[in-house]
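Student: structure13.txt (compact mmCIF, C-alpha atoms) pasted underneath:
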# COMPACT_ATOMS: atom_id res chain seq x y z
CA ASP I 290 0.00 0.00 0.00
CA ALA I 291 1.64 3.23 -1.15
CA GLY I 292 1.61 6.03 1.34
CA VAL I 293 1.37 9.68 0.45
CA THR I 294 3.54 10.54 -2.53
CA GLN I 295 4.70 13.95 -3.68
CA SER I 296 6.43 15.24 -6.78
CA PRO I 297 8.85 16.58 -7.57
CA THR I 298 11.30 15.94 -4.75
CA HIS I 299 13.26 19.11 -5.32
CA LEU I 300 12.59 22.22 -7.34
CA ILE I 301 14.54 25.39 -8.04
CA LYS I 302 12.77 28.50 -9.30
CA THR I 303 13.53 32.19 -9.60
CA ARG I 304 11.60 35.08 -8.12
CA GLY I 305 8.39 35.92 -9.97
CA GLN I 306 7.96 32.48 -11.45
CA GLN I 307 5.09 30.13 -10.81
CA VAL I 308 5.29 26.57 -9.45
CA THR I 309 3.00 23.55 -9.21
CA LEU I 310 3.51 20.81 -6.66
CA ARG I 311 1.66 17.52 -6.76
CA CYS I 312 0.39 15.08 -4.15
CA SER I 313 -1.22 11.65 -4.29
CA PRO I 314 -2.98 10.67 -1.07
CA LYS I 315 -2.69 7.38 0.74
CA SER I 316 -4.96 4.74 -0.73
CA GLY I 317 -8.50 5.11 0.60
CA HIS I 318 -8.05 8.69 1.76
CA ASP I 319 -10.24 11.51 0.47
CA THR I 320 -8.86 14.65 2.12
CA VAL I 321 -5.61 16.45 1.39
CA SER I 322 -3.94 19.16 3.45
CA TRP I 323 -0.89 21.23 2.53
CA TYR I 324 1.71 22.62 4.92
CA GLN I 325 4.74 24.86 4.47
CA GLN I 326 7.81 24.12 6.59
CA ALA I 327 10.46 26.82 6.54
CA LEU I 328 13.97 25.84 7.54
CA GLY I 329 14.19 25.26 11.28
CA GLN I 330 10.47 25.83 11.81
CA GLY I 331 7.40 23.72 12.34
CA PRO I 332 4.95 23.14 9.49
CA GLN I 333 2.38 25.86 8.87
CA PHE I 334 -1.09 24.95 7.57
CA ILE I 335 -1.84 26.33 4.10
CA PHE I 336 -5.23 24.78 3.24
CA GLN I 337 -7.26 21.58 3.15
CA TYR I 338 -9.23 20.08 0.26
CA TYR I 339 -12.16 17.70 0.39
CA GLU I 340 -14.62 16.84 -2.39
CA GLU I 341 -12.61 19.07 -4.70
CA GLU I 342 -13.27 22.16 -2.58
CA GLU I 343 -11.10 24.19 -0.24
CA ARG I 344 -12.54 23.64 3.24
CA GLN I 345 -10.23 25.66 5.41
CA ARG I 346 -7.36 28.03 4.77
CA GLY I 347 -4.47 29.18 6.88
CA ASN I 348 -2.86 32.60 6.91
CA PHE I 349 -1.40 32.52 3.41
CA PRO I 350 -1.87 35.03 0.57
CA ASP I 351 -3.93 34.37 -2.53
CA ARG I 352 -0.73 33.60 -4.43
CA PHE I 353 -1.14 30.17 -2.90
CA SER I 354 -3.92 28.20 -4.53
CA GLY I 355 -4.82 24.58 -4.86
CA HIS I 356 -6.91 22.03 -6.57
CA GLN I 357 -8.21 18.57 -5.84
CA PHE I 358 -9.06 16.13 -8.61
CA PRO I 359 -11.82 13.46 -8.70
CA ASN I 360 -9.22 10.79 -7.85
CA TYR I 361 -8.44 12.80 -4.64
CA SER I 362 -4.95 13.83 -5.76
CA SER I 363 -4.09 17.47 -5.31
CA GLU I 364 -1.94 20.29 -6.61
CA LEU I 365 -0.52 23.30 -4.84
CA ASN I 366 0.19 26.32 -7.02
CA VAL I 367 2.25 29.30 -5.98
CA ASN I 368 2.36 32.40 -8.21
CA ALA I 369 4.81 35.29 -8.23
CA LEU I 370 7.36 33.43 -6.14
CA LEU I 371 9.23 35.28 -3.43
CA LEU I 372 12.50 34.35 -1.78
CA GLY I 373 10.52 33.70 1.40
CA ASP I 374 8.56 30.94 -0.31
CA SER I 375 11.66 28.73 -0.12
CA ALA I 376 10.60 25.85 2.12
CA LEU I 377 9.68 22.20 2.35
CA TYR I 378 6.08 21.74 1.25
CA LEU I 379 4.33 18.83 2.90
CA CYS I 380 1.16 17.14 1.81
CA ALA I 381 -0.93 15.16 4.27
CA SER I 382 -3.92 12.94 3.59
CA SER I 383 -6.72 11.66 5.80
CA LEU I 384 -10.16 10.08 5.65
CA VAL I 385 -12.92 12.44 6.66
CA ALA I 386 -15.37 9.70 7.58
CA PHE I 387 -13.53 8.78 10.77
CA TYR I 388 -13.85 10.91 13.87
CA TYR I 389 -10.19 10.53 14.54
CA ASN I 390 -8.81 11.12 11.10
CA GLU I 391 -5.06 10.92 11.46
CA GLN I 392 -3.12 12.85 8.88
CA PHE I 393 -0.43 10.88 7.05
CA PHE I 394 2.39 12.97 5.63
CA GLY I 395 4.36 12.62 2.44
CA PRO I 396 8.12 13.18 2.20
CA GLY I 397 7.68 16.72 0.92
CA THR I 398 8.88 18.85 -1.98
CA ARG I 399 11.87 21.07 -1.31
CA LEU I 400 11.34 24.40 -3.13
CA THR I 401 14.24 26.80 -3.49
CA VAL I 402 13.56 30.28 -4.85
CA LEU I 403 16.59 32.18 -6.12
CA GLY E 278 -5.37 31.91 18.37
CA ASP E 279 -4.03 28.44 18.89
CA SER E 280 -0.33 27.99 19.49
CA VAL E 281 2.17 25.37 20.61
CA THR E 282 5.42 26.12 22.42
CA GLN E 283 8.24 23.59 22.64
CA MET E 284 11.49 23.71 24.50
CA GLU E 285 14.24 24.99 22.29
CA GLY E 286 16.90 22.65 21.11
CA PRO E 287 19.08 21.23 20.11
CA VAL E 288 19.14 18.51 22.73
CA THR E 289 22.18 16.22 22.87
CA LEU E 290 22.12 13.07 24.98
CA SER E 291 24.16 9.96 25.42
CA GLU E 292 22.65 6.60 24.60
CA GLU E 293 20.43 5.24 27.41
CA ALA E 294 19.88 8.68 28.93
CA PHE E 295 16.42 9.91 29.96
CA LEU E 296 14.65 12.25 27.58
CA THR E 297 12.13 15.00 28.28
CA ILE E 298 10.94 17.48 25.67
CA ASN E 299 8.55 20.06 27.07
CA CYS E 300 5.45 21.14 25.18
CA THR E 301 2.72 23.56 26.23
CA TYR E 302 -0.22 24.80 24.24
CA THR E 303 -2.69 27.66 24.10
CA ALA E 304 -6.11 26.85 22.71
CA THR E 305 -9.81 27.15 23.43
CA GLY E 306 -11.47 23.94 24.48
CA TYR E 307 -9.64 20.65 24.59
CA PRO E 308 -7.92 19.91 21.31
CA SER E 309 -6.34 16.56 20.49
CA LEU E 310 -2.57 16.58 21.00
CA PHE E 311 0.17 14.87 19.03
CA TRP E 312 3.87 14.26 18.82
CA TYR E 313 5.34 13.86 15.35
CA VAL E 314 8.90 12.84 14.48
CA GLN E 315 10.87 13.85 11.40
CA TYR E 316 13.96 11.87 10.47
CA PRO E 317 16.54 13.51 8.18
CA GLY E 318 15.27 13.89 4.64
CA GLU E 319 11.84 12.49 5.44
CA GLY E 320 8.33 13.72 6.10
CA LEU E 321 6.54 13.66 9.42
CA GLN E 322 5.53 10.46 11.16
CA LEU E 323 2.97 10.31 13.93
CA LEU E 324 4.69 9.15 17.11
CA LEU E 325 1.82 9.26 19.60
CA LYS E 326 -1.43 11.04 20.36
CA ALA E 327 -3.90 11.86 23.12
CA THR E 328 -7.45 12.96 22.46
CA LYS E 329 -8.68 14.00 25.92
CA ALA E 330 -7.45 15.17 29.28
CA ASP E 331 -5.42 12.66 31.32
CA ASP E 332 -4.96 10.40 28.29
CA LYS E 333 -1.48 8.94 27.98
CA GLY E 334 -0.15 8.33 24.49
CA SER E 335 2.67 5.86 24.06
CA ASN E 336 4.67 4.30 21.25
CA LYS E 337 8.18 2.86 20.81
CA GLY E 338 9.05 3.61 24.43
CA PHE E 339 7.94 7.25 24.19
CA GLU E 340 5.14 8.57 26.40
CA ALA E 341 3.23 11.82 26.84
CA THR E 342 0.29 12.66 29.11
CA TYR E 343 -2.37 15.25 28.26
CA ARG E 344 -2.39 17.61 31.26
CA LYS E 345 -5.37 19.97 31.08
CA GLU E 346 -4.49 21.88 34.26
CA THR E 347 -1.04 22.83 32.99
CA THR E 348 -1.94 22.77 29.26
CA SER E 349 1.06 20.54 28.66
CA PHE E 350 1.97 17.42 26.72
CA HIS E 351 5.60 16.68 27.56
CA LEU E 352 7.37 13.88 25.67
CA GLU E 353 9.44 11.39 27.69
CA LYS E 354 11.52 8.30 27.05
CA GLY E 355 13.38 6.37 29.68
CA SER E 356 16.35 5.23 27.62
CA VAL E 357 17.12 6.83 24.26
CA GLN E 358 18.93 5.15 21.39
CA VAL E 359 21.06 6.53 18.59
CA SER E 360 18.19 5.72 16.22
CA ASP E 361 15.98 8.22 18.10
CA SER E 362 18.01 11.10 16.68
CA ALA E 363 15.48 13.24 14.81
CA VAL E 364 13.40 16.40 15.09
CA TYR E 365 10.33 16.12 17.30
CA PHE E 366 7.22 18.28 16.82
CA CYS E 367 4.39 18.81 19.25
CA ALA E 368 1.05 19.65 17.62
CA LEU E 369 -2.61 20.24 18.38
CA ARG E 370 -5.54 19.52 16.12
CA ARG E 371 -8.11 22.23 15.58
CA THR E 372 -11.42 21.22 14.03
CA GLN E 373 -13.50 23.90 12.34
CA GLY E 374 -16.71 23.37 10.43
CA GLY E 375 -15.96 19.74 9.70
CA SER E 376 -12.43 20.38 8.51
CA GLU E 377 -9.30 20.27 10.58
CA LYS E 378 -5.76 21.51 10.73
CA LEU E 379 -2.68 20.76 12.78
CA VAL E 380 -0.90 23.57 14.61
CA PHE E 381 2.76 22.71 15.23
CA GLY E 382 5.49 23.87 17.54
CA LYS E 383 8.86 24.85 16.10
CA GLY E 384 10.38 21.46 16.72
CA THR E 385 13.16 20.16 18.94
CA LYS E 386 16.20 18.51 17.39
CA LEU E 387 17.47 15.52 19.34
CA THR E 388 20.92 14.03 18.82
CA VAL E 389 21.82 10.83 20.65
CA ASN E 390 25.49 9.90 20.79
CA PRO E 391 26.75 6.33 21.26
Represent the structure of the file as structure tokens.

Tutor:
Amino acid sequence: DAGVTQSPTHLIKTRGQQVTLRCSPKSGHDTVSWYQQALGQGPQFIFQYYEEEERQRGNFPDRFSGHQFPNYSSELNVNALLLGDSALYLCASSLVAFYYNEQFFGPGTRLTVL
Amino acid sequence: GDSVTQMEGPVTLSEEAFLTINCTYTATGYPSLFWYVQYPGEGLQLLLKATKADDKGSNKGFEATYRKETTSFHLEKGSVQVSDSAVYFCALRRTQGGSEKLVFGKGTKLTVNP
């Protein structure tokens, strides 16, 4: 059973560019959450998707947007990249039907903005 | 708003030493509490959890007790091993309108020397 997978593993972009990160949830999961982890910091919640809709959003600007597909996979898009967007981006999946819906994390995508 | 405060690291111990990593939280109500571990180059793994006051979570020799009166969830292990070297994150789960998010502390890096 594959866990949460993310692609690409690493990415280097320049300021002003746009980037798309991808996530496939754990088999059987229907909810995807995205987190940003700056170097030496804890992960910060960006947003959560369920049934192809954004359900909750953290304190991130509109440059950060997402999408969930019918197969539950998800994309995170960041426009007009800033140096401060350099971070590890983590995807987590869960199953909304359970009261205790543990979030399983992927290995992350390391984004470097030059 | 919700927040989690962890003791600052790094923490360096010798093998078989006793480990305590302090964690306190600020939140309304009684959120579920978690400890996650991040090994080098990997995503987050759930180490243990507690969903209500006085619950004790335990896994792989690690323990933490949900203390409502002190709003704390300190991580302990009686005898650490070199393989426990990692970054440890304390987190709370906030549920809102059917969705949820994890709020993390900044993490504590543990190094165990042989």

Student: Starting from chain E, keep only residues with some atom at most 8 Å from an atom of chain I, counting all atoms listed in the file, and report them as a list in words.

Tutor: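 Result, ordered by chain then number: Gly318, Glu319, Gly320, Leu321, Gln322, Leu323, Phe366, Gln373, Ser376, Glu377, Lys378, Leu379, Val380, Phe381, Gly382, Lys383 and Gly384 of chain E.
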
Student: Using all atoms listed in the file, which protein or nucleic acid residues come within 10 Å of range 352-362 of chain E? Drop anything in the same chain fewer than 5 positions from it, and give the result as a short mmCIF file (atom, residue, chain, number, x, y, z; two decimals) with C-alpha atoms, in the frame of the given file.

Tutor:
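After the write, out_4.cif holds the following:
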data_model
loop_
_atom_site.label_atom_id
_atom_site.label_comp_id
_atom_site.auth_asym_id
_atom_site.auth_seq_id
_atom_site.Cartn_x
_atom_site.Cartn_y
_atom_site.Cartn_z
CA VAL E 288 19.14 18.51 22.73
CA THR E 289 22.18 16.22 22.87
CA LEU E 290 22.12 13.07 24.98
CA SER E 291 24.16 9.96 25.42
CA GLU E 292 22.65 6.60 24.60
CA GLU E 293 20.43 5.24 27.41
CA ALA E 294 19.88 8.68 28.93
CA PHE E 295 16.42 9.91 29.96
CA LEU E 296 14.65 12.25 27.58
CA THR E 297 12.13 15.00 28.28
CA ILE E 298 10.94 17.48 25.67
CA ASN E 299 8.55 20.06 27.07
CA CYS E 300 5.45 21.14 25.18
CA PHE E 311 0.17 14.87 19.03
CA TRP E 312 3.87 14.26 18.82
CA VAL E 314 8.90 12.84 14.48
CA GLN E 315 10.87 13.85 11.40
CA TYR E 316 13.96 11.87 10.47
CA PRO E 317 16.54 13.51 8.18
CA LEU E 325 1.82 9.26 19.60
CA GLY E 334 -0.15 8.33 24.49
CA SER E 335 2.67 5.86 24.06
CA ASN E 336 4.67 4.30 21.25
CA LYS E 337 8.18 2.86 20.81
CA GLY E 338 9.05 3.61 24.43
CA PHE E 339 7.94 7.25 24.19
CA GLU E 340 5.14 8.57 26.40
CA ALA E 341 3.23 11.82 26.84
CA THR E 342 0.29 12.66 29.11
CA CYS E 367 4.39 18.81 19.25
CA LYS E 386 16.20 18.51 17.39
CA LEU E 387 17.47 15.52 19.34
CA THR E 388 20.92 14.03 18.82
CA VAL E 389 21.82 10.83 20.65
CA ASN E 390 25.49 9.90 20.79
CA PRO E 391 26.75 6.33 21.26
#

Student: In Å, how far is it from CA of Leu400 in chain I to CA of Leu310 in chain E?

Tutor: 28.9 Å

Student: Residues at most 8 Å from Leu310 in chain I, counting all atoms listed in the file, excluding those fewer than 4 positions away in the same chain, as a PDB file with C-alpha atoms, keeping the file's coordinate frame?

Tutor:
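Written file, part_2.pdb:
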ATOM      1  CA  GLN I 295       4.700  13.950  -3.680  1.00  0.00           C
ATOM      2  CA  SER I 296       6.430  15.240  -6.780  1.00  0.00           C
ATOM      3  CA  PRO I 297       8.850  16.580  -7.570  1.00  0.00           C
ATOM      4  CA  GLU I 364      -1.940  20.290  -6.610  1.00  0.00           C
ATOM      5  CA  LEU I 365      -0.520  23.300  -4.840  1.00  0.00           C
ATOM      6  CA  ASN I 366       0.190  26.320  -7.020  1.00  0.00           C
ATOM      7  CA  THR I 398       8.880  18.850  -1.980  1.00  0.00           C
TER       8      THR I 398
END

Student: With distances taken over only C-alpha atoms, which residue among I:Thr401, I:Gln357, I:Thr294, I:Asn348 lies nearest Gly278 in chain E?

Tutor: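 So, comparing all the options, the nearest one is I:Asn348.
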
Student: Would you compute the distance between CA of His318 in chain I and CA of Glu340 in chain I? Give it in Å to one decimal.

Tutor: 11.3 Å

Student: List the residues sitting within 6 Å of (-7.1, 14.0, 0.9) in the file's frame, using all atoms listed in the file, as a list of chain:residue names.

Tutor: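 The residues near that point, listed by chain and number, are I:Pro314, I:His318, I:Asp319, I:Thr320, I:Val321, I:Tyr361, I:Ser382, I:Ser383.
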
Student: Distance CA of Gly306 in chain E-CA of Tyr365 in chain E, one decimal place?

Tutor: 24.2 Å

Student: Do a neighbour search on Lys302 in chain I at 9 Å with all atoms listed in the file, toss out local chain neighbours closer than 3 positions, and write the hits as a short mmCIF file (atom, residue, chain, number, x, y, z; two decimals) with C-alpha atoms, in the frame of the given file.

Tutor:
data_model
loop_
_atom_site.label_atom_id
_atom_site.label_comp_id
_atom_site.auth_asym_id
_atom_site.auth_seq_id
_atom_site.Cartn_x
_atom_site.Cartn_y
_atom_site.Cartn_z
CA GLY I 305 8.39 35.92 -9.97
CA GLN I 306 7.96 32.48 -11.45
CA GLN I 307 5.09 30.13 -10.81
CA VAL I 308 5.29 26.57 -9.45
CA LEU I 370 7.36 33.43 -6.14
CA LEU I 400 11.34 24.40 -3.13
CA THR I 401 14.24 26.80 -3.49
CA VAL I 402 13.56 30.28 -4.85
CA LEU I 403 16.59 32.18 -6.12
#
